[in-house]
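Raw input_31.pdb, PDB, C-alpha atoms and all ligand atoms:
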MODEL        1
ATOM      1  CA  MET A 207     -18.082 -53.911  -3.115  1.00  0.00           C
ATOM      2  CA  THR A 208     -15.805 -50.875  -3.404  1.00  0.00           C
ATOM      3  CA  THR A 209     -17.328 -47.456  -3.937  1.00  0.00           C
ATOM      4  CA  ALA A 210     -15.598 -44.778  -5.996  1.00  0.00           C
ATOM      5  CA  PRO A 211     -14.541 -41.770  -3.893  1.00  0.00           C
ATOM      6  CA  ALA A 212     -16.965 -38.811  -4.104  1.00  0.00           C
ATOM      7  CA  ARG A 213     -15.538 -35.949  -6.120  1.00  0.00           C
ATOM      8  CA  HIS A 214     -17.034 -33.183  -8.146  1.00  0.00           C
ATOM      9  CA  LEU A 215     -15.882 -30.832 -10.828  1.00  0.00           C
ATOM     10  CA  VAL A 216     -16.388 -27.132 -10.136  1.00  0.00           C
ATOM     11  CA  GLU A 217     -15.913 -23.900 -11.981  1.00  0.00           C
ATOM     12  CA  LEU A 218     -13.573 -21.600 -10.032  1.00  0.00           C
ATOM     13  CA  GLY A 219     -14.124 -17.860 -10.324  1.00  0.00           C
ATOM     14  CA  PRO A 220     -11.359 -15.330  -9.685  1.00  0.00           C
ATOM     15  CA  THR A 221     -12.182 -15.071  -5.963  1.00  0.00           C
ATOM     16  CA  ASP A 222     -12.395 -18.884  -5.603  1.00  0.00           C
ATOM     17  CA  LEU A 223      -8.990 -19.311  -7.182  1.00  0.00           C
ATOM     18  CA  ALA A 224      -7.551 -16.506  -5.046  1.00  0.00           C
ATOM     19  CA  ALA A 225      -8.951 -18.143  -1.901  1.00  0.00           C
ATOM     20  CA  ARG A 226      -7.473 -21.496  -2.895  1.00  0.00           C
ATOM     21  CA  VAL A 227      -4.272 -20.290  -4.532  1.00  0.00           C
ATOM     22  CA  ASP A 228      -1.929 -21.947  -2.025  1.00  0.00           C
ATOM     23  CA  GLU A 229      -3.836 -25.218  -2.238  1.00  0.00           C
ATOM     24  CA  ALA A 230      -3.799 -25.010  -6.044  1.00  0.00           C
ATOM     25  CA  LEU A 231      -0.069 -24.301  -6.052  1.00  0.00           C
ATOM     26  CA  ALA A 232       0.486 -27.302  -3.774  1.00  0.00           C
ATOM     27  CA  VAL A 233      -1.295 -29.470  -6.383  1.00  0.00           C
ATOM     28  CA  TYR A 234       0.909 -27.930  -9.105  1.00  0.00           C
ATOM     29  CA  VAL A 235       4.165 -28.446  -7.206  1.00  0.00           C
ATOM     30  CA  ALA A 236       3.305 -32.055  -6.302  1.00  0.00           C
ATOM     31  CA  ALA A 237       2.081 -32.912  -9.833  1.00  0.00           C
ATOM     32  CA  MET A 238       5.120 -31.443 -11.557  1.00  0.00           C
ATOM     33  CA  GLY A 239       7.580 -32.724  -8.949  1.00  0.00           C
ATOM     34  CA  TYR A 240       8.960 -29.231  -8.455  1.00  0.00           C
ATOM     35  CA  PRO A 241      10.593 -27.989  -5.228  1.00  0.00           C
ATOM     36  CA  PRO A 242       8.024 -26.313  -2.927  1.00  0.00           C
ATOM     37  CA  SER A 243       9.849 -22.976  -3.329  1.00  0.00           C
ATOM     38  CA  THR A 244       8.521 -22.856  -6.913  1.00  0.00           C
ATOM     39  CA  ALA A 245       5.081 -22.064  -5.509  1.00  0.00           C
ATOM     40  CA  ARG A 246       6.277 -18.735  -4.093  1.00  0.00           C
ATOM     41  CA  HIS A 247       7.399 -17.513  -7.513  1.00  0.00           C
ATOM     42  CA  ARG A 248       4.215 -18.695  -9.205  1.00  0.00           C
ATOM     43  CA  ARG A 249       1.784 -17.214  -6.699  1.00  0.00           C
ATOM     44  CA  THR A 250       1.984 -13.645  -7.998  1.00  0.00           C
ATOM     45  CA  LEU A 251       1.756 -14.821 -11.589  1.00  0.00           C
ATOM     46  CA  TRP A 252      -1.334 -16.985 -11.030  1.00  0.00           C
ATOM     47  CA  LEU A 253      -3.113 -14.175  -9.171  1.00  0.00           C
ATOM     48  CA  ASP A 254      -2.182 -11.779 -11.924  1.00  0.00           C
ATOM     49  CA  HIS A 255      -3.534 -14.115 -14.607  1.00  0.00           C
ATOM     50  CA  VAL A 256      -7.073 -14.116 -13.174  1.00  0.00           C
ATOM     51  CA  ARG A 257      -7.472 -10.565 -14.489  1.00  0.00           C
ATOM     52  CA  ARG A 258      -6.696 -11.489 -18.085  1.00  0.00           C
ATOM     53  CA  PRO A 259      -9.495 -11.476 -20.683  1.00  0.00           C
ATOM     54  CA  GLY A 260     -11.123 -14.863 -21.168  1.00  0.00           C
ATOM     55  CA  TRP A 261      -9.672 -16.279 -17.930  1.00  0.00           C
ATOM     56  CA  ARG A 262     -11.416 -19.458 -16.728  1.00  0.00           C
ATOM     57  CA  ALA A 263     -10.530 -22.064 -14.135  1.00  0.00           C
ATOM     58  CA  VAL A 264     -11.949 -25.422 -13.100  1.00  0.00           C
ATOM     59  CA  GLY A 265     -11.087 -27.831 -10.321  1.00  0.00           C
ATOM     60  CA  TRP A 266     -11.944 -31.175  -8.785  1.00  0.00           C
ATOM     61  CA  LEU A 267     -12.924 -31.254  -5.111  1.00  0.00           C
ATOM     62  CA  ASP A 268     -13.190 -34.325  -2.918  1.00  0.00           C
ATOM     63  CA  ASP A 269     -15.922 -34.856  -0.315  1.00  0.00           C
ATOM     64  CA  ALA A 270     -13.828 -32.990   2.275  1.00  0.00           C
ATOM     65  CA  ASP A 271     -13.602 -29.947  -0.036  1.00  0.00           C
ATOM     66  CA  ARG A 272      -9.922 -30.602  -0.826  1.00  0.00           C
ATOM     67  CA  LEU A 273      -8.622 -29.690  -4.264  1.00  0.00           C
ATOM     68  CA  LEU A 274      -7.556 -32.766  -6.259  1.00  0.00           C
ATOM     69  CA  GLY A 275      -6.857 -31.034  -9.541  1.00  0.00           C
ATOM     70  CA  VAL A 276      -6.886 -27.617 -11.124  1.00  0.00           C
ATOM     71  CA  ALA A 277      -6.725 -26.120 -14.606  1.00  0.00           C
ATOM     72  CA  TYR A 278      -6.903 -22.594 -15.936  1.00  0.00           C
ATOM     73  CA  GLY A 279      -6.278 -20.554 -19.038  1.00  0.00           C
ATOM     74  CA  TYR A 280      -7.134 -17.299 -20.789  1.00  0.00           C
ATOM     75  CA  SER A 281      -7.290 -15.641 -24.200  1.00  0.00           C
ATOM     76  CA  GLY A 282      -3.901 -15.354 -25.831  1.00  0.00           C
ATOM     77  CA  ALA A 283      -2.918 -11.945 -27.191  1.00  0.00           C
ATOM     78  CA  PRO A 284       0.086 -10.036 -28.527  1.00  0.00           C
ATOM     79  CA  GLY A 285       2.156  -8.498 -25.742  1.00  0.00           C
ATOM     80  CA  GLN A 286       1.765 -11.487 -23.422  1.00  0.00           C
ATOM     81  CA  TRP A 287       5.068 -13.167 -22.625  1.00  0.00           C
ATOM     82  CA  TRP A 288       3.917 -16.617 -23.789  1.00  0.00           C
ATOM     83  CA  TYR A 289       2.418 -15.280 -27.037  1.00  0.00           C
ATOM     84  CA  GLU A 290       5.654 -13.506 -27.897  1.00  0.00           C
ATOM     85  CA  GLU A 291       7.739 -16.587 -27.093  1.00  0.00           C
ATOM     86  CA  VAL A 292       5.630 -18.787 -29.398  1.00  0.00           C
ATOM     87  CA  ALA A 293       5.609 -16.070 -32.071  1.00  0.00           C
ATOM     88  CA  ARG A 294       9.424 -16.124 -31.950  1.00  0.00           C
ATOM     89  CA  GLY A 295       9.367 -19.890 -32.501  1.00  0.00           C
ATOM     90  CA  LEU A 296       7.073 -19.450 -35.521  1.00  0.00           C
ATOM     91  CA  ARG A 297       9.041 -16.545 -37.015  1.00  0.00           C
ATOM     92  CA  ARG A 298      10.286 -18.578 -39.968  1.00  0.00           C
ATOM     93  CA  ARG A 299       6.938 -20.313 -40.518  1.00  0.00           C
ATOM     94  CA  PRO A 300       4.521 -17.510 -41.401  1.00  0.00           C
ATOM     95  CA  ALA A 301       1.757 -19.916 -42.487  1.00  0.00           C
ATOM     96  CA  ASP A 302       1.689 -21.445 -39.007  1.00  0.00           C
ATOM     97  CA  ARG A 303       1.196 -18.085 -37.332  1.00  0.00           C
ATOM     98  CA  ILE A 304      -2.518 -18.752 -37.878  1.00  0.00           C
ATOM     99  CA  TRP A 305      -2.257 -20.663 -34.575  1.00  0.00           C
ATOM    100  CA  LEU A 306      -1.793 -17.362 -32.791  1.00  0.00           C
ATOM    101  CA  GLU A 307      -5.013 -15.908 -34.131  1.00  0.00           C
ATOM    102  CA  ASP A 308      -7.900 -16.317 -31.728  1.00  0.00           C
ATOM    103  CA  TYR A 309      -6.578 -18.937 -29.319  1.00  0.00           C
ATOM    104  CA  PHE A 310      -7.205 -19.921 -25.716  1.00  0.00           C
ATOM    105  CA  GLU A 311      -3.985 -20.589 -23.808  1.00  0.00           C
ATOM    106  CA  LEU A 312      -4.312 -23.653 -21.601  1.00  0.00           C
ATOM    107  CA  THR A 313      -1.870 -22.350 -19.027  1.00  0.00           C
ATOM    108  CA  GLU A 314      -2.000 -24.918 -16.217  1.00  0.00           C
ATOM    109  CA  LEU A 315      -3.443 -28.432 -15.867  1.00  0.00           C
ATOM    110  CA  HIS A 316      -2.518 -30.522 -12.844  1.00  0.00           C
ATOM    111  CA  VAL A 317      -3.884 -33.409 -10.838  1.00  0.00           C
ATOM    112  CA  ARG A 318      -2.525 -34.424  -7.432  1.00  0.00           C
ATOM    113  CA  PRO A 319      -0.281 -37.493  -7.891  1.00  0.00           C
ATOM    114  CA  ASP A 320      -2.466 -39.687  -5.675  1.00  0.00           C
ATOM    115  CA  ALA A 321      -5.515 -38.821  -7.812  1.00  0.00           C
ATOM    116  CA  GLN A 322      -3.895 -39.263 -11.247  1.00  0.00           C
ATOM    117  CA  GLY A 323      -4.770 -42.018 -13.691  1.00  0.00           C
ATOM    118  CA  GLY A 324      -8.550 -41.967 -13.282  1.00  0.00           C
ATOM    119  CA  GLY A 325      -9.674 -39.481 -15.882  1.00  0.00           C
ATOM    120  CA  LEU A 326      -9.671 -36.357 -13.694  1.00  0.00           C
ATOM    121  CA  GLY A 327      -7.200 -34.616 -15.983  1.00  0.00           C
ATOM    122  CA  GLU A 328      -9.344 -35.244 -19.039  1.00  0.00           C
ATOM    123  CA  GLY A 329     -12.373 -33.991 -17.109  1.00  0.00           C
ATOM    124  CA  LEU A 330     -10.567 -30.730 -16.327  1.00  0.00           C
ATOM    125  CA  LEU A 331      -9.376 -30.324 -19.897  1.00  0.00           C
ATOM    126  CA  ARG A 332     -12.842 -30.894 -21.355  1.00  0.00           C
ATOM    127  CA  ALA A 333     -14.634 -28.653 -18.854  1.00  0.00           C
ATOM    128  CA  LEU A 334     -12.162 -25.823 -19.312  1.00  0.00           C
ATOM    129  CA  LEU A 335     -12.243 -25.951 -23.097  1.00  0.00           C
ATOM    130  CA  ALA A 336     -16.024 -26.313 -23.277  1.00  0.00           C
ATOM    131  CA  GLY A 337     -16.277 -22.741 -22.019  1.00  0.00           C
ATOM    132  CA  ALA A 338     -13.409 -21.270 -24.011  1.00  0.00           C
ATOM    133  CA  ALA A 339     -14.589 -18.743 -26.571  1.00  0.00           C
ATOM    134  CA  ALA A 340     -11.808 -19.160 -29.139  1.00  0.00           C
ATOM    135  CA  ARG A 341     -11.214 -21.019 -32.372  1.00  0.00           C
ATOM    136  CA  ARG A 342      -8.127 -22.815 -31.129  1.00  0.00           C
ATOM    137  CA  VAL A 343      -6.362 -23.917 -27.976  1.00  0.00           C
ATOM    138  CA  LEU A 344      -2.604 -23.861 -27.458  1.00  0.00           C
ATOM    139  CA  LEU A 345      -0.466 -25.182 -24.595  1.00  0.00           C
ATOM    140  CA  SER A 346       3.155 -25.932 -23.835  1.00  0.00           C
ATOM    141  CA  THR A 347       4.458 -29.021 -22.105  1.00  0.00           C
ATOM    142  CA  PRO A 348       7.976 -30.311 -21.402  1.00  0.00           C
ATOM    143  CA  GLU A 349       9.315 -32.647 -24.082  1.00  0.00           C
ATOM    144  CA  HIS A 350       9.170 -36.275 -22.983  1.00  0.00           C
ATOM    145  CA  GLY A 351      12.665 -37.076 -24.297  1.00  0.00           C
ATOM    146  CA  ASP A 352      13.540 -40.618 -25.369  1.00  0.00           C
ATOM    147  CA  GLY A 353      11.586 -42.275 -22.574  1.00  0.00           C
ATOM    148  CA  PRO A 354       7.965 -43.405 -22.720  1.00  0.00           C
ATOM    149  CA  VAL A 355       5.403 -40.627 -23.161  1.00  0.00           C
ATOM    150  CA  ASN A 356       3.938 -39.433 -19.887  1.00  0.00           C
ATOM    151  CA  ARG A 357       0.280 -38.973 -18.899  1.00  0.00           C
ATOM    152  CA  ALA A 358       0.185 -35.383 -20.085  1.00  0.00           C
ATOM    153  CA  TRP A 359       1.321 -36.380 -23.574  1.00  0.00           C
ATOM    154  CA  THR A 360      -1.062 -39.338 -23.675  1.00  0.00           C
ATOM    155  CA  LEU A 361      -3.937 -37.079 -22.703  1.00  0.00           C
ATOM    156  CA  TYR A 362      -3.094 -34.379 -25.255  1.00  0.00           C
ATOM    157  CA  ARG A 363      -2.678 -36.875 -28.096  1.00  0.00           C
ATOM    158  CA  ARG A 364      -5.871 -38.705 -27.114  1.00  0.00           C
ATOM    159  CA  THR A 365      -7.791 -35.438 -27.297  1.00  0.00           C
ATOM    160  CA  GLY A 366      -6.382 -34.539 -30.699  1.00  0.00           C
ATOM    161  CA  PHE A 367      -3.590 -32.038 -30.029  1.00  0.00           C
ATOM    162  CA  SER A 368      -0.967 -31.791 -32.782  1.00  0.00           C
ATOM    163  CA  ASP A 369       2.533 -30.319 -32.858  1.00  0.00           C
ATOM    164  CA  VAL A 370       2.878 -26.576 -33.334  1.00  0.00           C
ATOM    165  CA  LEU A 371       6.500 -26.343 -32.144  1.00  0.00           C
ATOM    166  CA  ARG A 372       8.870 -29.055 -30.912  1.00  0.00           C
ATOM    167  CA  GLN A 373      12.089 -28.664 -28.940  1.00  0.00           C
ATOM    168  CA  HIS A 374      11.201 -25.045 -28.279  1.00  0.00           C
ATOM    169  CA  ARG A 375      13.296 -23.131 -25.745  1.00  0.00           C
ATOM    170  CA  PHE A 376      11.388 -20.561 -23.731  1.00  0.00           C
ATOM    171  CA  THR A 377      13.491 -17.673 -22.496  1.00  0.00           C
ATOM    172  CA  GLY A 378      14.866 -18.405 -19.033  1.00  0.00           C
ATOM    173  CA  ASP A 379      14.193 -22.169 -19.099  1.00  0.00           C
ATOM    174  CA  ALA A 380      16.894 -24.608 -20.219  1.00  0.00           C
ATOM    175  CA  ARG A 381      14.422 -27.449 -20.859  1.00  0.00           C
ATOM    176  CA  PRO A 382      12.986 -28.152 -24.323  1.00  0.00           C
ATOM    177  CA  PHE A 383       9.220 -27.768 -24.620  1.00  0.00           C
ATOM    178  CA  ALA A 384       6.579 -28.713 -27.143  1.00  0.00           C
ATOM    179  CA  VAL A 385       3.811 -26.322 -28.080  1.00  0.00           C
ATOM    180  CA  LEU A 386       0.680 -28.277 -28.992  1.00  0.00           C
ATOM    181  CA  GLY A 387      -2.609 -27.070 -30.408  1.00  0.00           C
ATOM    182  CA  ARG A 388      -5.982 -28.081 -31.739  1.00  0.00           C
ATOM    183  CA  GLU A 389      -9.123 -26.558 -33.151  1.00  0.00           C
ATOM    184  CA  LEU A 390     -12.076 -25.963 -30.850  1.00  0.00           C
ATOM    185  CA  PRO A 391     -14.549 -27.207 -29.918  1.00  0.00           C
ATOM    186  CA  LEU A 392     -13.337 -30.595 -28.709  1.00  0.00           C
ATOM    187  CA  PRO A 393     -15.586 -33.388 -29.988  1.00  0.00           C
ATOM    188  CA  ALA A 394     -17.386 -35.436 -27.341  1.00  0.00           C
ATOM    189  CA  PRO A 395     -15.409 -38.449 -26.060  1.00  0.00           C
ATOM    190  CA  PRO A 396     -16.159 -41.748 -27.826  1.00  0.00           C
ATOM    191  CA  THR A 397     -18.890 -43.697 -26.059  1.00  0.00           C
ATOM    192  CA  PRO A 398     -17.679 -47.094 -24.842  1.00  0.00           C
ATOM    193  CA  ALA A 399     -19.039 -50.072 -26.791  1.00  0.00           C
ATOM    194  CA  PRO A 400     -21.847 -51.902 -24.950  1.00  0.00           C
ATOM    195  CA  PRO A 401     -20.733 -55.185 -23.344  1.00  0.00           C
ATOM    196  CA  GLY A 402     -21.270 -58.442 -25.248  1.00  0.00           C
TER     197      GLY A 402
HETATM  198  C1  LIG A 501      -1.366 -34.627 -17.020  1.00  0.00           C
HETATM  199  C2  LIG A 501      -2.406 -34.861 -15.952  1.00  0.00           C
HETATM  200  C3  LIG A 501      -3.125 -33.557 -15.669  1.00  0.00           C
HETATM  201  C4  LIG A 501      -3.412 -35.881 -16.496  1.00  0.00           C
HETATM  202  O1  LIG A 501      -4.390 -36.141 -15.508  1.00  0.00           O
HETATM  203  P1  LIG A 501      -4.803 -37.650 -15.133  1.00  0.00           P
HETATM  204  O2  LIG A 501      -6.071 -37.581 -14.384  1.00  0.00           O
HETATM  205  O3  LIG A 501      -3.645 -38.298 -14.509  1.00  0.00           O
HETATM  206  O4  LIG A 501      -4.941 -38.290 -16.584  1.00  0.00           O
HETATM  207  P2  LIG A 501      -6.176 -38.613 -17.534  1.00  0.00           P
HETATM  208  O5  LIG A 501      -7.322 -37.718 -17.352  1.00  0.00           O
HETATM  209  O6  LIG A 501      -5.601 -38.683 -18.887  1.00  0.00           O
HETATM  210  O7  LIG A 501      -6.571 -40.025 -17.044  1.00  0.00           O
HETATM  211  C5  LIG A 501      -5.614 -41.011 -16.966  1.00  0.00           C
HETATM  212  C6  LIG A 501      -6.224 -42.366 -17.207  1.00  0.00           C
HETATM  213  O8  LIG A 501      -7.584 -42.422 -16.869  1.00  0.00           O
HETATM  214  C7  LIG A 501      -8.313 -43.002 -17.934  1.00  0.00           C
HETATM  215  N1  LIG A 501      -9.618 -42.376 -17.982  1.00  0.00           N
HETATM  216  C8  LIG A 501     -10.048 -41.401 -18.818  1.00  0.00           C
HETATM  217  N2  LIG A 501     -11.324 -41.101 -18.544  1.00  0.00           N
HETATM  218  C9  LIG A 501     -11.698 -41.895 -17.518  1.00  0.00           C
HETATM  219  C10 LIG A 501     -12.886 -42.055 -16.778  1.00  0.00           C
HETATM  220  N3  LIG A 501     -13.985 -41.344 -17.075  1.00  0.00           N
HETATM  221  N4  LIG A 501     -12.890 -42.927 -15.745  1.00  0.00           N
HETATM  222  C11 LIG A 501     -11.799 -43.651 -15.466  1.00  0.00           C
HETATM  223  N5  LIG A 501     -10.637 -43.545 -16.127  1.00  0.00           N
HETATM  224  C12 LIG A 501     -10.598 -42.691 -17.152  1.00  0.00           C
HETATM  225  C13 LIG A 501      -7.533 -42.719 -19.155  1.00  0.00           C
HETATM  226  O9  LIG A 501      -7.763 -43.709 -20.153  1.00  0.00           O
HETATM  227  C14 LIG A 501      -6.118 -42.756 -18.645  1.00  0.00           C
HETATM  228  O10 LIG A 501      -5.593 -44.044 -18.620  1.00  0.00           O
HETATM  229  P3  LIG A 501      -4.009 -44.281 -18.618  1.00  0.00           P
HETATM  230  O11 LIG A 501      -3.338 -43.053 -18.076  1.00  0.00           O
HETATM  231  O12 LIG A 501      -3.845 -45.439 -17.719  1.00  0.00           O
HETATM  232  O13 LIG A 501      -3.686 -44.487 -20.053  1.00  0.00           O
HETATM  233  C15 LIG A 501      -1.786 -35.422 -14.659  1.00  0.00           C
HETATM  234  O14 LIG A 501      -1.256 -36.700 -14.894  1.00  0.00           O
HETATM  235  C16 LIG A 501      -0.733 -34.527 -14.072  1.00  0.00           C
HETATM  236  O15 LIG A 501      -1.041 -33.633 -13.291  1.00  0.00           O
HETATM  237  N6  LIG A 501       0.546 -34.779 -14.428  1.00  0.00           N
HETATM  238  C17 LIG A 501       1.644 -34.044 -13.908  1.00  0.00           C
HETATM  239  C18 LIG A 501       1.592 -32.593 -14.257  1.00  0.00           C
HETATM  240  C19 LIG A 501       1.587 -32.340 -15.731  1.00  0.00           C
HETATM  241  O16 LIG A 501       2.335 -32.956 -16.491  1.00  0.00           O
HETATM  242  N7  LIG A 501       0.718 -31.410 -16.137  1.00  0.00           N
HETATM  243  C20 LIG A 501       0.635 -30.996 -17.492  1.00  0.00           C
HETATM  244  C21 LIG A 501       1.735 -30.017 -17.733  1.00  0.00           C
HETATM  245  S1  LIG A 501       1.589 -29.313 -19.302  1.00  0.00           S
ENDMDL
END

Starting from the file, lay out its structure as structure tokens.
Amino acid sequence: MTTAPARHLVELGPTDLAARVDEALAVYVAAMGYPPSTARHRRTLWLDHVRRPGWRAVGWLDDADRLLGVAYGYSGAPGQWWYEEVARGLRRRPADRIWLEDYFELTELHVRPDAQGGGLGEGLLRALLAGAAARRVLLSTPEHGDGPVNRAWTLYRRTGFSDVLRQHRFTGDARPFAVLGRELPLPAPPTPAPPG
């Protein structure tokens, strides 16, 4: 008989995240397939974000206290870089600017590649959003192009995210992104049908 590895989901406060920031950035770099140097640039930003209103973070730890996955976000507000970038994308669609009223920005969501595919990402997403005091959640994710949708897209669609912007270009990044959103709270996951 095989036993599932022991892992538990934890809430990370600002000091927890600060203490684990390099470990969390290593998860991010590995999950996104970015060069390790990316972590250096992100470090200051992540530590800065913990001070934003509504900031929350969650993580998965294994039985040796190693971080397997991490997610965080905060309350979106005018004046934030990301808010202004999305507002620019919605400039010609005034009705859709409702998305920017009272939203939680899901800023980062990453699971270590060797731990992906087992529901840890969905666990992070659900735990983070369960404590988000906002009417909506917004996130951005790289477009999947013509190839098959990746795990991030599958997860976001499965949990009911719809398109807010597609093929959006954030300042300073050549890649096209999608901005996805949904109303909160997230409904509970469907219970699996009993066998037989
Ligand atoms: C996106 C990401 C966070 C998703 O995390 P994940 O743990 O791999 O994905 P999920 O939580 O969706 O789980 C994946 C699988 O587990 C299944 N699953 C869901 N709940 C489960 C559970 N309780 N037990 C077992 N399996 C479960 C899902 O059906 C899914 O199956 P499939 O992928 O084979 O279709 C992760 O893949 C990742 O870090 N990717 C790279 C970085 C990235 O793209 N981040 C997002 C940037 S915006």

Point to revise | Distance in Å - CA of Tyr309 in chain A versus CA of Leu344 in chain A | key: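 About the pair CA of Tyr309 in chain A and CA of Leu344 in chain A: they are 6.6 Å apart.
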
Exercise for review: Just say which residues the PyMOL selection byres (((not hetatm)) within 8 of (chain A and resi 501)) picks in this file, as a ChimeraX atom specification.
Suggested key: /A:234,237-239,275,313-319,321-330,345-348,356-361

Check your understanding: Which of these, A:Arg341, A:Arg332, A:Arg299, A:Arg272, has the shortest distance to Arg213 in chain A once you count all atoms listed in the file?
Key -> A:Arg272

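Remark: for Phe376 in chain A, the closest of the candidate residues A:Leu392, A:Leu331, A:Ala236, A:Val292 is A:Val292 (distances computed over only C-alpha atoms).
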
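Nearest-residue note for His255 in chain A: choosing from A:Gly279, A:Leu267, A:Val235, A:Pro241, the minimum distance belongs to A:Gly279, counting all atoms listed in the file.
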
Point to revise | Nearby residues (only C-alpha atoms) at most 12 Å from Ser281 in chain A, same-chain spacing under 4 positions excluded, as a count of residues only | key: 30

Exercise for review: Go through A:Leu390, A:Pro284, A:Gly219, A:Val370 and flag the residue nearest Ala301 in chain A, using all atoms listed in the file for the distances.
Suggested key: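 Closest to Ala301 in chain A, using all atoms listed in the file: A:Val370.
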
Point to revise | Pick from A:Val264, A:Leu273, A:Val385, A:Val216, whichever lies nearest to Val233 in chain A using only C-alpha atoms | key: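 Result for the nearest residue to Val233 in chain A: A:Leu273.
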
Practice item. Counting all atoms listed in the file, figure out which residue out of A:Trp305, A:Arg372, A:Gly353, A:Asp271 gets nearest to Arg388 in chain A. Key: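 Closest candidate: A:Trp305.
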
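The two atoms in question, CA of Thr221 in chain A and CA of Ala333 in chain A, are spaced 18.9 Å apart.
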
Exercise for review: Provide the CA of Arg248 in chain A to CA of Ala232 in chain A distance in Å, to one decimal place.
Suggested key: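 Interatomic distance, CA of Arg248 in chain A to CA of Ala232 in chain A: 10.8 Å.
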
Exercise for review: Extract, using all atoms listed in the file, all DNA, RNA and protein residues at most 8 Å from Leu223 in chain A, discarding same-chain residues fewer than 5 positions from it, and format them as a list of chain:residue names.
Suggested key: A:Leu218, A:Ala230, A:Ala263

Do a neighbour search on Arg249 in chain A at 10 Å with only C-alpha atoms, toss out local chain neighbours closer than 4 positions, and write the hits as a PDB file with C-alpha atoms, in the frame of the given file.
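Result file follows (out-v3.pdb):
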ATOM      1  CA  ALA A 224      -7.551 -16.506  -5.046  1.00  0.00           C
ATOM      2  CA  VAL A 227      -4.272 -20.290  -4.532  1.00  0.00           C
ATOM      3  CA  ASP A 228      -1.929 -21.947  -2.025  1.00  0.00           C
ATOM      4  CA  ALA A 230      -3.799 -25.010  -6.044  1.00  0.00           C
ATOM      5  CA  LEU A 231      -0.069 -24.301  -6.052  1.00  0.00           C
ATOM      6  CA  THR A 244       8.521 -22.856  -6.913  1.00  0.00           C
ATOM      7  CA  ALA A 245       5.081 -22.064  -5.509  1.00  0.00           C
ATOM      8  CA  LEU A 253      -3.113 -14.175  -9.171  1.00  0.00           C
ATOM      9  CA  ASP A 254      -2.182 -11.779 -11.924  1.00  0.00           C
TER      10      ASP A 254
END

I'd like the box whose edges run along x, y and z of the file and which contains every listed atom of range 287-302 of chain A, padded by 5 Å per side; could you state its centre and edge lengths in Å, one decimal, as JSON?
{"center_x": 6.0, "center_y": -17.3, "center_z": -32.6, "size_x": 18.6, "size_y": 18.3, "size_z": 29.9}

For range 335-344 of chain A, which lacks atoms in the input, supply N, CA, C and O atoms and format the output as a PDB file, in the frame of the given file.
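Written out: out19.pdb:
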ATOM      1  N   LEU A 335     -12.158 -26.314 -21.682  1.00  0.00           N
ATOM      2  CA  LEU A 335     -12.243 -25.951 -23.097  1.00  0.00           C
ATOM      3  C   LEU A 335     -13.681 -25.795 -23.569  1.00  0.00           C
ATOM      4  O   LEU A 335     -13.944 -25.073 -24.534  1.00  0.00           O
ATOM      5  N   ALA A 336     -14.616 -26.444 -22.890  1.00  0.00           N
ATOM      6  CA  ALA A 336     -16.024 -26.313 -23.277  1.00  0.00           C
ATOM      7  C   ALA A 336     -16.483 -24.860 -23.124  1.00  0.00           C
ATOM      8  O   ALA A 336     -17.377 -24.418 -23.829  1.00  0.00           O
ATOM      9  N   GLY A 337     -15.863 -24.131 -22.230  1.00  0.00           N
ATOM     10  CA  GLY A 337     -16.277 -22.741 -22.019  1.00  0.00           C
ATOM     11  C   GLY A 337     -15.338 -21.728 -22.642  1.00  0.00           C
ATOM     12  O   GLY A 337     -15.465 -20.525 -22.387  1.00  0.00           O
ATOM     13  N   ALA A 338     -14.389 -22.194 -23.422  1.00  0.00           N
ATOM     14  CA  ALA A 338     -13.409 -21.270 -24.011  1.00  0.00           C
ATOM     15  C   ALA A 338     -13.956 -20.696 -25.313  1.00  0.00           C
ATOM     16  O   ALA A 338     -14.303 -21.448 -26.224  1.00  0.00           O
ATOM     17  N   ALA A 339     -14.048 -19.386 -25.372  1.00  0.00           N
ATOM     18  CA  ALA A 339     -14.589 -18.743 -26.571  1.00  0.00           C
ATOM     19  C   ALA A 339     -13.435 -18.393 -27.506  1.00  0.00           C
ATOM     20  O   ALA A 339     -12.998 -17.247 -27.584  1.00  0.00           O
ATOM     21  N   ALA A 340     -12.902 -19.384 -28.188  1.00  0.00           N
ATOM     22  CA  ALA A 340     -11.808 -19.160 -29.139  1.00  0.00           C
ATOM     23  C   ALA A 340     -11.869 -20.244 -30.191  1.00  0.00           C
ATOM     24  O   ALA A 340     -12.493 -21.286 -29.984  1.00  0.00           O
ATOM     25  N   ARG A 341     -11.189 -20.015 -31.297  1.00  0.00           N
ATOM     26  CA  ARG A 341     -11.214 -21.019 -32.372  1.00  0.00           C
ATOM     27  C   ARG A 341     -10.217 -22.137 -32.139  1.00  0.00           C
ATOM     28  O   ARG A 341     -10.338 -23.222 -32.694  1.00  0.00           O
ATOM     29  N   ARG A 342      -9.185 -21.824 -31.327  1.00  0.00           N
ATOM     30  CA  ARG A 342      -8.127 -22.815 -31.129  1.00  0.00           C
ATOM     31  C   ARG A 342      -7.677 -22.801 -29.673  1.00  0.00           C
ATOM     32  O   ARG A 342      -7.925 -21.824 -28.954  1.00  0.00           O
ATOM     33  N   VAL A 343      -6.993 -23.876 -29.292  1.00  0.00           N
ATOM     34  CA  VAL A 343      -6.362 -23.917 -27.976  1.00  0.00           C
ATOM     35  C   VAL A 343      -4.893 -24.247 -28.192  1.00  0.00           C
ATOM     36  O   VAL A 343      -4.541 -25.063 -29.053  1.00  0.00           O
ATOM     37  N   LEU A 344      -4.045 -23.591 -27.433  1.00  0.00           N
ATOM     38  CA  LEU A 344      -2.604 -23.861 -27.458  1.00  0.00           C
ATOM     39  C   LEU A 344      -2.127 -24.116 -26.043  1.00  0.00           C
ATOM     40  O   LEU A 344      -2.663 -23.553 -25.073  1.00  0.00           O
TER      41      LEU A 344
END
